[in-house]
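J.: Compact mmCIF, N, CA and C atoms, file coords-v5.txt:
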# COMPACT_ATOMS: atom_id res chain seq x y z
N ILE F 1 6.25 5.72 7.92
CA ILE F 1 5.78 5.73 6.55
C ILE F 1 6.14 7.08 5.95
N ILE F 2 6.78 7.03 4.81
CA ILE F 2 7.20 8.25 4.13
C ILE F 2 6.21 8.60 3.02
N ALA F 3 5.76 7.59 2.29
CA ALA F 3 4.77 7.83 1.22
C ALA F 3 4.03 6.52 0.95
N TRP F 4 2.76 6.66 0.49
CA TRP F 4 1.96 5.48 0.20
C TRP F 4 0.88 5.84 -0.80
N CYS F 5 0.39 4.81 -1.49
CA CYS F 5 -0.71 4.97 -2.42
C CYS F 5 -1.36 3.61 -2.65
N ILE F 6 -2.67 3.55 -2.45
CA ILE F 6 -3.42 2.32 -2.68
C ILE F 6 -4.17 2.48 -3.99
N MET F 7 -3.86 1.63 -4.94
CA MET F 7 -4.55 1.61 -6.23
C MET F 7 -5.52 0.43 -6.24
N THR F 8 -6.26 0.25 -7.32
CA THR F 8 -7.26 -0.82 -7.36
C THR F 8 -6.64 -2.21 -7.32
N ASN F 9 -5.44 -2.37 -7.84
CA ASN F 9 -4.85 -3.71 -7.89
C ASN F 9 -3.42 -3.78 -7.37
N HIS F 10 -2.95 -2.73 -6.75
CA HIS F 10 -1.61 -2.77 -6.17
C HIS F 10 -1.46 -1.63 -5.15
N VAL F 11 -0.40 -1.73 -4.36
CA VAL F 11 -0.10 -0.74 -3.33
C VAL F 11 1.35 -0.31 -3.48
N HIS F 12 1.59 0.98 -3.32
CA HIS F 12 2.95 1.50 -3.25
C HIS F 12 3.19 1.97 -1.83
N LEU F 13 4.38 1.67 -1.31
CA LEU F 13 4.70 2.05 0.06
C LEU F 13 6.19 2.37 0.15
N ILE F 14 6.48 3.54 0.67
CA ILE F 14 7.86 3.90 0.98
C ILE F 14 7.93 4.07 2.50
N PHE F 15 8.78 3.28 3.11
CA PHE F 15 8.90 3.34 4.56
C PHE F 15 10.36 3.23 4.96
N ARG F 16 10.62 3.63 6.17
CA ARG F 16 11.96 3.53 6.72
C ARG F 16 11.91 2.65 7.95
N SER F 17 12.81 1.72 8.01
CA SER F 17 12.92 0.85 9.17
C SER F 17 13.60 1.60 10.31
N VAL F 18 13.08 1.41 11.50
CA VAL F 18 13.69 2.04 12.68
C VAL F 18 14.09 0.96 13.67
N LYS F 19 14.95 1.32 14.58
CA LYS F 19 15.40 0.42 15.64
C LYS F 19 16.04 -0.85 15.10
N GLY F 20 16.66 -0.79 13.92
CA GLY F 20 17.38 -1.92 13.37
C GLY F 20 16.52 -3.05 12.85
N GLN F 21 15.22 -2.84 12.74
CA GLN F 21 14.34 -3.88 12.22
C GLN F 21 14.59 -4.06 10.72
N HIS F 22 14.66 -5.31 10.29
CA HIS F 22 14.89 -5.58 8.87
C HIS F 22 13.61 -5.25 8.09
N PRO F 23 13.72 -4.50 6.99
CA PRO F 23 12.53 -4.12 6.22
C PRO F 23 11.65 -5.29 5.78
N SER F 24 12.25 -6.44 5.48
CA SER F 24 11.44 -7.58 5.05
C SER F 24 10.54 -8.08 6.18
N LEU F 25 11.00 -7.99 7.42
CA LEU F 25 10.16 -8.38 8.56
C LEU F 25 9.00 -7.40 8.74
N LEU F 26 9.27 -6.12 8.55
CA LEU F 26 8.20 -5.12 8.63
C LEU F 26 7.17 -5.33 7.52
N LEU F 27 7.64 -5.63 6.33
CA LEU F 27 6.73 -5.87 5.22
C LEU F 27 5.88 -7.12 5.48
N GLY F 28 6.48 -8.16 6.03
CA GLY F 28 5.73 -9.36 6.38
C GLY F 28 4.66 -9.08 7.43
N ASP F 29 5.01 -8.30 8.45
CA ASP F 29 4.03 -7.91 9.47
C ASP F 29 2.89 -7.11 8.85
N PHE F 30 3.23 -6.18 7.97
CA PHE F 30 2.23 -5.36 7.30
C PHE F 30 1.27 -6.24 6.50
N LYS F 31 1.81 -7.17 5.74
CA LYS F 31 0.97 -8.04 4.91
C LYS F 31 0.09 -8.95 5.75
N ARG F 32 0.64 -9.49 6.84
CA ARG F 32 -0.16 -10.34 7.74
C ARG F 32 -1.31 -9.56 8.37
N PHE F 33 -1.00 -8.41 8.93
CA PHE F 33 -2.01 -7.61 9.60
C PHE F 33 -3.10 -7.15 8.62
N THR F 34 -2.70 -6.60 7.49
CA THR F 34 -3.68 -6.07 6.55
C THR F 34 -4.51 -7.17 5.92
N SER F 35 -3.91 -8.31 5.62
CA SER F 35 -4.69 -9.39 5.00
C SER F 35 -5.77 -9.89 5.95
N LYS F 36 -5.42 -10.08 7.22
CA LYS F 36 -6.42 -10.52 8.19
C LYS F 36 -7.53 -9.49 8.35
N ALA F 37 -7.15 -8.22 8.44
CA ALA F 37 -8.15 -7.16 8.62
C ALA F 37 -9.06 -7.03 7.39
N LEU F 38 -8.49 -7.14 6.21
CA LEU F 38 -9.30 -6.99 4.99
C LEU F 38 -10.22 -8.18 4.77
N VAL F 39 -9.73 -9.39 5.02
CA VAL F 39 -10.59 -10.57 4.88
C VAL F 39 -11.74 -10.49 5.89
N LYS F 40 -11.44 -10.08 7.11
CA LYS F 40 -12.48 -9.95 8.12
C LYS F 40 -13.51 -8.89 7.70
N ALA F 41 -13.03 -7.78 7.15
CA ALA F 41 -13.94 -6.72 6.71
C ALA F 41 -14.85 -7.22 5.58
N ILE F 42 -14.30 -8.00 4.68
CA ILE F 42 -15.10 -8.56 3.58
C ILE F 42 -16.12 -9.54 4.14
N GLU F 43 -15.68 -10.41 5.04
CA GLU F 43 -16.59 -11.41 5.63
C GLU F 43 -17.75 -10.76 6.38
N ASN F 44 -17.48 -9.64 7.06
CA ASN F 44 -18.48 -9.03 7.93
C ASN F 44 -19.29 -7.91 7.28
N ASN F 45 -19.06 -7.66 6.00
CA ASN F 45 -19.79 -6.58 5.34
C ASN F 45 -20.94 -7.15 4.52
N PRO F 46 -22.17 -7.02 5.01
CA PRO F 46 -23.31 -7.58 4.27
C PRO F 46 -23.57 -6.87 2.95
N ARG F 47 -23.02 -5.69 2.77
CA ARG F 47 -23.23 -4.94 1.52
C ARG F 47 -22.20 -5.29 0.44
N GLU F 48 -21.20 -6.11 0.79
CA GLU F 48 -20.18 -6.50 -0.19
C GLU F 48 -20.76 -7.55 -1.12
N SER F 49 -21.12 -7.12 -2.33
CA SER F 49 -21.79 -8.01 -3.28
C SER F 49 -20.87 -9.10 -3.82
N ARG F 50 -19.57 -8.91 -3.73
CA ARG F 50 -18.61 -9.91 -4.25
C ARG F 50 -18.02 -10.77 -3.15
N ARG F 51 -18.60 -10.74 -1.97
CA ARG F 51 -18.03 -11.42 -0.81
C ARG F 51 -17.68 -12.88 -1.08
N GLU F 52 -18.65 -13.66 -1.54
CA GLU F 52 -18.42 -15.09 -1.77
C GLU F 52 -17.34 -15.32 -2.82
N PHE F 53 -17.41 -14.54 -3.89
CA PHE F 53 -16.41 -14.67 -4.96
C PHE F 53 -15.01 -14.37 -4.43
N LEU F 54 -14.85 -13.25 -3.73
CA LEU F 54 -13.54 -12.86 -3.22
C LEU F 54 -12.99 -13.88 -2.24
N LEU F 55 -13.81 -14.30 -1.29
CA LEU F 55 -13.34 -15.27 -0.30
C LEU F 55 -12.96 -16.59 -0.95
N GLU F 56 -13.70 -17.00 -1.96
CA GLU F 56 -13.37 -18.23 -2.68
C GLU F 56 -12.03 -18.10 -3.41
N GLN F 57 -11.79 -16.95 -4.01
CA GLN F 57 -10.52 -16.71 -4.69
C GLN F 57 -9.36 -16.74 -3.70
N PHE F 58 -9.55 -16.13 -2.53
CA PHE F 58 -8.50 -16.13 -1.51
C PHE F 58 -8.24 -17.54 -1.00
N LYS F 59 -9.29 -18.36 -0.87
CA LYS F 59 -9.12 -19.75 -0.44
C LYS F 59 -8.38 -20.57 -1.48
N LYS F 60 -8.72 -20.38 -2.75
CA LYS F 60 -8.02 -21.09 -3.83
C LYS F 60 -6.54 -20.74 -3.84
N ALA F 61 -6.24 -19.47 -3.67
CA ALA F 61 -4.84 -19.04 -3.64
C ALA F 61 -4.11 -19.63 -2.44
N ALA F 62 -4.79 -19.72 -1.30
CA ALA F 62 -4.18 -20.30 -0.10
C ALA F 62 -3.89 -21.77 -0.29
N ALA F 63 -4.76 -22.48 -1.03
CA ALA F 63 -4.56 -23.92 -1.26
C ALA F 63 -3.29 -24.17 -2.07
N LYS F 64 -2.87 -23.19 -2.85
CA LYS F 64 -1.66 -23.32 -3.67
C LYS F 64 -0.41 -22.88 -2.92
N SER F 65 -0.58 -22.33 -1.73
CA SER F 65 0.53 -21.77 -0.97
C SER F 65 0.97 -22.73 0.12
N SER F 66 2.24 -22.73 0.39
CA SER F 66 2.76 -23.62 1.43
C SER F 66 2.69 -23.01 2.82
N ASN F 67 2.55 -21.69 2.91
CA ASN F 67 2.61 -21.07 4.23
C ASN F 67 1.34 -20.31 4.62
N VAL F 68 0.26 -20.47 3.87
CA VAL F 68 -1.00 -19.80 4.20
C VAL F 68 -2.07 -20.86 4.38
N LYS F 69 -2.83 -20.75 5.47
CA LYS F 69 -3.80 -21.79 5.78
C LYS F 69 -5.18 -21.52 5.19
N GLU F 70 -5.72 -20.32 5.37
CA GLU F 70 -7.11 -20.09 4.98
C GLU F 70 -7.29 -19.17 3.78
N HIS F 71 -6.77 -17.95 3.87
CA HIS F 71 -6.99 -16.97 2.82
C HIS F 71 -5.66 -16.33 2.39
N GLN F 72 -5.36 -16.40 1.12
CA GLN F 72 -4.17 -15.75 0.56
C GLN F 72 -4.63 -14.44 -0.06
N PHE F 73 -4.37 -13.33 0.63
CA PHE F 73 -4.78 -12.02 0.11
C PHE F 73 -3.69 -11.40 -0.75
N TRP F 74 -2.48 -11.30 -0.20
CA TRP F 74 -1.36 -10.69 -0.92
C TRP F 74 -0.62 -11.74 -1.74
N ARG F 75 -0.05 -11.31 -2.83
CA ARG F 75 0.87 -12.18 -3.57
C ARG F 75 2.15 -12.30 -2.77
N HIS F 76 2.86 -13.39 -2.98
CA HIS F 76 4.12 -13.57 -2.25
C HIS F 76 5.24 -12.71 -2.81
N ASP F 77 5.17 -12.43 -4.08
CA ASP F 77 6.22 -11.60 -4.67
C ASP F 77 5.88 -10.13 -4.47
N ASN F 78 6.89 -9.35 -4.32
CA ASN F 78 6.74 -7.90 -4.31
C ASN F 78 8.01 -7.34 -4.93
N LYS F 79 8.03 -6.08 -5.15
CA LYS F 79 9.17 -5.49 -5.84
C LYS F 79 9.85 -4.44 -4.98
N PRO F 80 10.51 -4.88 -3.91
CA PRO F 80 11.17 -3.89 -3.05
C PRO F 80 12.38 -3.29 -3.75
N ILE F 81 12.53 -2.01 -3.56
CA ILE F 81 13.66 -1.28 -4.13
C ILE F 81 14.31 -0.50 -3.01
N GLU F 82 15.61 -0.69 -2.84
CA GLU F 82 16.32 0.10 -1.85
C GLU F 82 16.56 1.48 -2.44
N LEU F 83 16.16 2.49 -1.71
CA LEU F 83 16.31 3.87 -2.18
C LEU F 83 17.57 4.45 -1.56
N TRP F 84 18.54 4.74 -2.39
CA TRP F 84 19.89 5.03 -1.92
C TRP F 84 20.26 6.50 -1.91
N SER F 85 19.44 7.38 -2.48
CA SER F 85 19.78 8.81 -2.45
C SER F 85 18.51 9.63 -2.32
N ASN F 86 18.67 10.85 -1.85
CA ASN F 86 17.52 11.74 -1.70
C ASN F 86 16.83 11.99 -3.04
N LYS F 87 17.59 12.09 -4.10
CA LYS F 87 17.01 12.32 -5.43
C LYS F 87 16.13 11.14 -5.84
N VAL F 88 16.61 9.93 -5.64
CA VAL F 88 15.84 8.73 -6.00
C VAL F 88 14.59 8.61 -5.12
N ILE F 89 14.73 8.91 -3.84
CA ILE F 89 13.56 8.88 -2.95
C ILE F 89 12.50 9.83 -3.48
N TRP F 90 12.91 11.06 -3.83
CA TRP F 90 11.94 12.04 -4.31
C TRP F 90 11.31 11.60 -5.64
N GLU F 91 12.08 10.99 -6.51
CA GLU F 91 11.54 10.49 -7.78
C GLU F 91 10.46 9.43 -7.53
N LYS F 92 10.72 8.52 -6.60
CA LYS F 92 9.75 7.45 -6.29
C LYS F 92 8.50 8.01 -5.63
N ILE F 93 8.66 8.98 -4.73
CA ILE F 93 7.49 9.61 -4.11
C ILE F 93 6.63 10.27 -5.18
N SER F 94 7.24 11.00 -6.06
CA SER F 94 6.49 11.66 -7.15
C SER F 94 5.80 10.63 -8.03
N TYR F 95 6.50 9.56 -8.34
CA TYR F 95 5.92 8.50 -9.18
C TYR F 95 4.67 7.89 -8.54
N ILE F 96 4.77 7.51 -7.27
CA ILE F 96 3.61 6.85 -6.65
C ILE F 96 2.44 7.81 -6.46
N HIS F 97 2.74 9.08 -6.15
CA HIS F 97 1.66 10.05 -5.99
C HIS F 97 0.97 10.36 -7.31
N ASN F 98 1.67 10.20 -8.41
CA ASN F 98 1.06 10.48 -9.71
C ASN F 98 0.36 9.26 -10.31
N ASN F 99 0.45 8.10 -9.67
CA ASN F 99 -0.25 6.91 -10.15
C ASN F 99 -1.73 7.14 -10.39
N PRO F 100 -2.48 7.70 -9.44
CA PRO F 100 -3.91 7.93 -9.66
C PRO F 100 -4.20 8.94 -10.77
N VAL F 101 -3.30 9.90 -10.96
CA VAL F 101 -3.46 10.88 -12.05
C VAL F 101 -3.28 10.17 -13.38
N GLU F 102 -2.23 9.38 -13.49
CA GLU F 102 -1.96 8.63 -14.72
C GLU F 102 -3.08 7.65 -15.03
N ALA F 103 -3.72 7.11 -14.00
CA ALA F 103 -4.82 6.16 -14.19
C ALA F 103 -6.13 6.87 -14.50
N GLY F 104 -6.13 8.19 -14.47
CA GLY F 104 -7.34 8.95 -14.78
C GLY F 104 -8.35 9.00 -13.65
N LEU F 105 -7.91 8.72 -12.43
CA LEU F 105 -8.82 8.73 -11.28
C LEU F 105 -9.03 10.13 -10.72
N VAL F 106 -8.03 10.98 -10.82
CA VAL F 106 -8.10 12.36 -10.35
C VAL F 106 -7.27 13.24 -11.28
N TYR F 107 -7.50 14.54 -11.19
CA TYR F 107 -6.70 15.48 -11.97
C TYR F 107 -5.44 15.91 -11.22
N ARG F 108 -5.56 16.00 -9.91
CA ARG F 108 -4.42 16.39 -9.07
C ARG F 108 -4.14 15.27 -8.07
N ALA F 109 -2.88 14.95 -7.90
CA ALA F 109 -2.49 13.85 -7.01
C ALA F 109 -3.06 14.03 -5.60
N GLU F 110 -3.05 15.24 -5.09
CA GLU F 110 -3.49 15.47 -3.71
C GLU F 110 -5.00 15.29 -3.53
N ASP F 111 -5.74 15.17 -4.62
CA ASP F 111 -7.18 14.91 -4.52
C ASP F 111 -7.51 13.43 -4.34
N TYR F 112 -6.53 12.57 -4.52
CA TYR F 112 -6.75 11.14 -4.35
C TYR F 112 -6.66 10.81 -2.86
N VAL F 113 -7.74 10.33 -2.29
CA VAL F 113 -7.84 10.12 -0.84
C VAL F 113 -6.88 9.04 -0.36
N TYR F 114 -6.69 7.99 -1.15
CA TYR F 114 -5.94 6.82 -0.69
C TYR F 114 -4.46 6.91 -1.01
N SER F 115 -3.87 8.04 -0.68
CA SER F 115 -2.42 8.21 -0.82
C SER F 115 -1.96 9.31 0.13
N SER F 116 -0.66 9.46 0.20
CA SER F 116 -0.08 10.49 1.05
C SER F 116 0.16 11.79 0.30
N ALA F 117 -0.34 11.90 -0.93
CA ALA F 117 -0.11 13.10 -1.72
C ALA F 117 -0.62 14.36 -1.04
N ALA F 118 -1.75 14.26 -0.34
CA ALA F 118 -2.28 15.43 0.37
C ALA F 118 -1.29 15.92 1.43
N ASP F 119 -0.65 14.99 2.12
CA ASP F 119 0.35 15.37 3.12
C ASP F 119 1.47 16.19 2.49
N TYR F 120 1.84 15.83 1.28
CA TYR F 120 2.92 16.51 0.58
C TYR F 120 2.48 17.85 -0.01
N ALA F 121 1.17 18.07 -0.05
CA ALA F 121 0.62 19.36 -0.51
C ALA F 121 0.22 20.22 0.69
N ASP F 122 0.79 19.89 1.86
CA ASP F 122 0.51 20.61 3.11
C ASP F 122 -0.96 20.59 3.48
N GLU F 123 -1.63 19.48 3.16
CA GLU F 123 -3.01 19.26 3.56
C GLU F 123 -3.03 18.07 4.52
N LYS F 124 -4.17 17.81 5.12
CA LYS F 124 -4.29 16.68 6.04
C LYS F 124 -4.64 15.43 5.26
N GLY F 125 -3.77 14.43 5.32
CA GLY F 125 -4.02 13.17 4.65
C GLY F 125 -4.81 12.21 5.51
N LEU F 126 -5.06 11.04 4.99
CA LEU F 126 -5.88 10.04 5.65
C LEU F 126 -5.20 9.40 6.87
N LEU F 127 -3.89 9.19 6.80
CA LEU F 127 -3.15 8.53 7.88
C LEU F 127 -2.46 9.53 8.80
N GLU F 128 -2.28 9.09 10.03
CA GLU F 128 -1.49 9.87 11.00
C GLU F 128 -0.02 9.52 10.84
N ASP F 129 0.84 10.41 11.25
CA ASP F 129 2.28 10.15 11.38
C ASP F 129 3.00 9.86 10.07
N VAL F 130 2.54 10.37 8.95
CA VAL F 130 3.31 10.27 7.71
C VAL F 130 4.46 11.25 7.83
N VAL F 131 5.67 10.76 7.59
CA VAL F 131 6.86 11.61 7.65
C VAL F 131 7.07 12.19 6.26
N VAL F 132 6.79 13.46 6.11
CA VAL F 132 6.90 14.12 4.81
C VAL F 132 8.38 14.36 4.52
N PHE F 133 8.83 13.81 3.40
CA PHE F 133 10.22 13.92 2.95
C PHE F 133 10.33 15.16 2.08
N ARG F 134 11.26 16.03 2.40
CA ARG F 134 11.49 17.24 1.60
C ARG F 134 12.83 17.11 0.87
N TYR F 135 12.80 17.39 -0.41
CA TYR F 135 14.02 17.33 -1.22
C TYR F 135 14.19 18.65 -1.93
N TYR F 136 15.34 19.25 -1.75
CA TYR F 136 15.63 20.55 -2.36
C TYR F 136 16.81 20.43 -3.30
N GLY F 137 16.75 19.47 -4.19
CA GLY F 137 17.87 19.22 -5.09
C GLY F 137 17.68 19.88 -6.34
Show this structure as structure tokens.
T.:
Amino acid sequence: IIAWCIMTNHVHLIFRSVKGQHPSLLLGDFKRFTSKALVKAIENNPRESRREFLLEQFKKAAAKSSNVKEHQFWRHDNKPIELWSNKVIWEKISYIHNNPVEAGLVYRAEDYVYSSAADYADEKGLLEDVVVFRYYG
């Protein structure tokens, strides 16, 4: 993972495939794993006041899907962009880290807990093993 940011209604992720794995397979694995974990967390959290509503919405979405049986958490469409140069990679990293600032959630990108911006400010971020990309263009 090179950069990431979780917003209230979407996620940004910049990653690099290793060992010849196709990025779409990695994205599919990510969506499968996270959807199961998040649905389970919602089901098992007695303090989640929207539990029934959320699970019902996920079930309705699954009923409309041909490849999901119980709960449809993620949308099937996503907007993958191949990043072809160091300059473009740096532009996208800056864009996703500034999402919470633009949304008015924080004043400084590195103060937003649910992103890799802290890692890029030489602070300790939430996730382990984020590969910090440096661009000196």
J.: Taking all atoms of stretch 10-28 of chain F that the file lists and extending 8 Å past them on each side, where is the centre of the axis-aligned box and how long are its edges? Answer in Å to one decimal, as AutoDock Vina command-line options.
T.:
--center_x 7.2 --center_y -2.6 --center_z 4.4 --size_x 36.3 --size_y 29.4 --size_z 38.4
J.: Quick one, how far is atom CA of F:Asn9 from atom CA of F:Glu110?
T.: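 Calculated distance between atom CA of F:Asn9 and atom CA of F:Glu110 is 19.7 Å.
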J.: Write down as an MDAnalysis selection string the residues of chain F whose backbone DSSP state falls under strand (DSSP E or B).
T.: chainID F and resid 3:6 11:14 115
J.: Have a look at F:Val88, F:Ile96, F:Gly104, F:Gly137 and name the one nearest to F:Ala3; count all atoms listed in the file.
T.: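 Counting all atoms listed in the file, the residue closest to F:Ala3 is F:Ile96.
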J.: Around (9.2, -5.8, -7.0) in the file's frame, which residues reach within 12 Å when counting only C-alpha atoms? Return as a PyMOL selection string?
T.: chain F and resi 10-13+75-82
J.: Which residues are close to F:Trp90, i.e. within 8 Å by only N, CA and C atoms, leaving aside same-chain residues fewer than 6 positions away? Reply as JSON, numbers by chain.
T.: {"F": [96, 133, 134, 135]}
J.: Please report, as a list of chain:residue names, each residue of stretch 35-75 of chain F to which DSSP assigns helix (DSSP H, G or I) when run on this structure's backbone.
T.: F:Ser35, F:Lys36, F:Ala37, F:Leu38, F:Val39, F:Lys40, F:Ala41, F:Ile42, F:Glu43, F:Arg51, F:Glu52, F:Phe53, F:Leu54, F:Leu55, F:Glu56, F:Gln57, F:Phe58, F:Lys59, F:Lys60, F:Ala61, F:Ala62, F:Ala63
J.: With only N, CA and C atoms as the atoms that count, which of F:Ile42, F:Leu27, F:Leu54, F:Ile6 lies nearest to F:Tyr114?
T.: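 Checking each of F:Ile42, F:Leu27, F:Leu54, F:Ile6 against F:Tyr114, counting only N, CA and C atoms, the winner is F:Ile6.
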J.: What does the distance from atom N of F:Glu123 to atom C of F:Thr34 come to in Å, to one decimal?
T.: 26.9 Å
J.: From the set F:Ser24, F:Pro100, F:Arg50, F:Ser35, which residue has the shortest atom-to-atom contact distance to F:Tyr112, counting all atoms listed in the file?
T.: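 Checking each of F:Ser24, F:Pro100, F:Arg50, F:Ser35 against F:Tyr112, counting all atoms listed in the file, the winner is F:Pro100.
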J.: Mind giving me the straight-line distance from atom N of F:Phe73 to atom CA of F:Ser49 in Å, one decimal?
T.: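 Atom CA of F:Ser49 lies at a distance of 18.6 Å from atom N of F:Phe73.
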J.: Pull the neighbourhood of (-14.0, -8.2, -0.3) for me: all residues within 9 Å in file coordinates, counting only C-alpha atoms, as a list in words.
T.: Leu38, Val39, Lys40, Ala41, Ile42, Glu43, Asn45, Glu48, Ser49, Arg50, Arg51, Glu52, Phe53, Leu54 and Leu55 of chain F
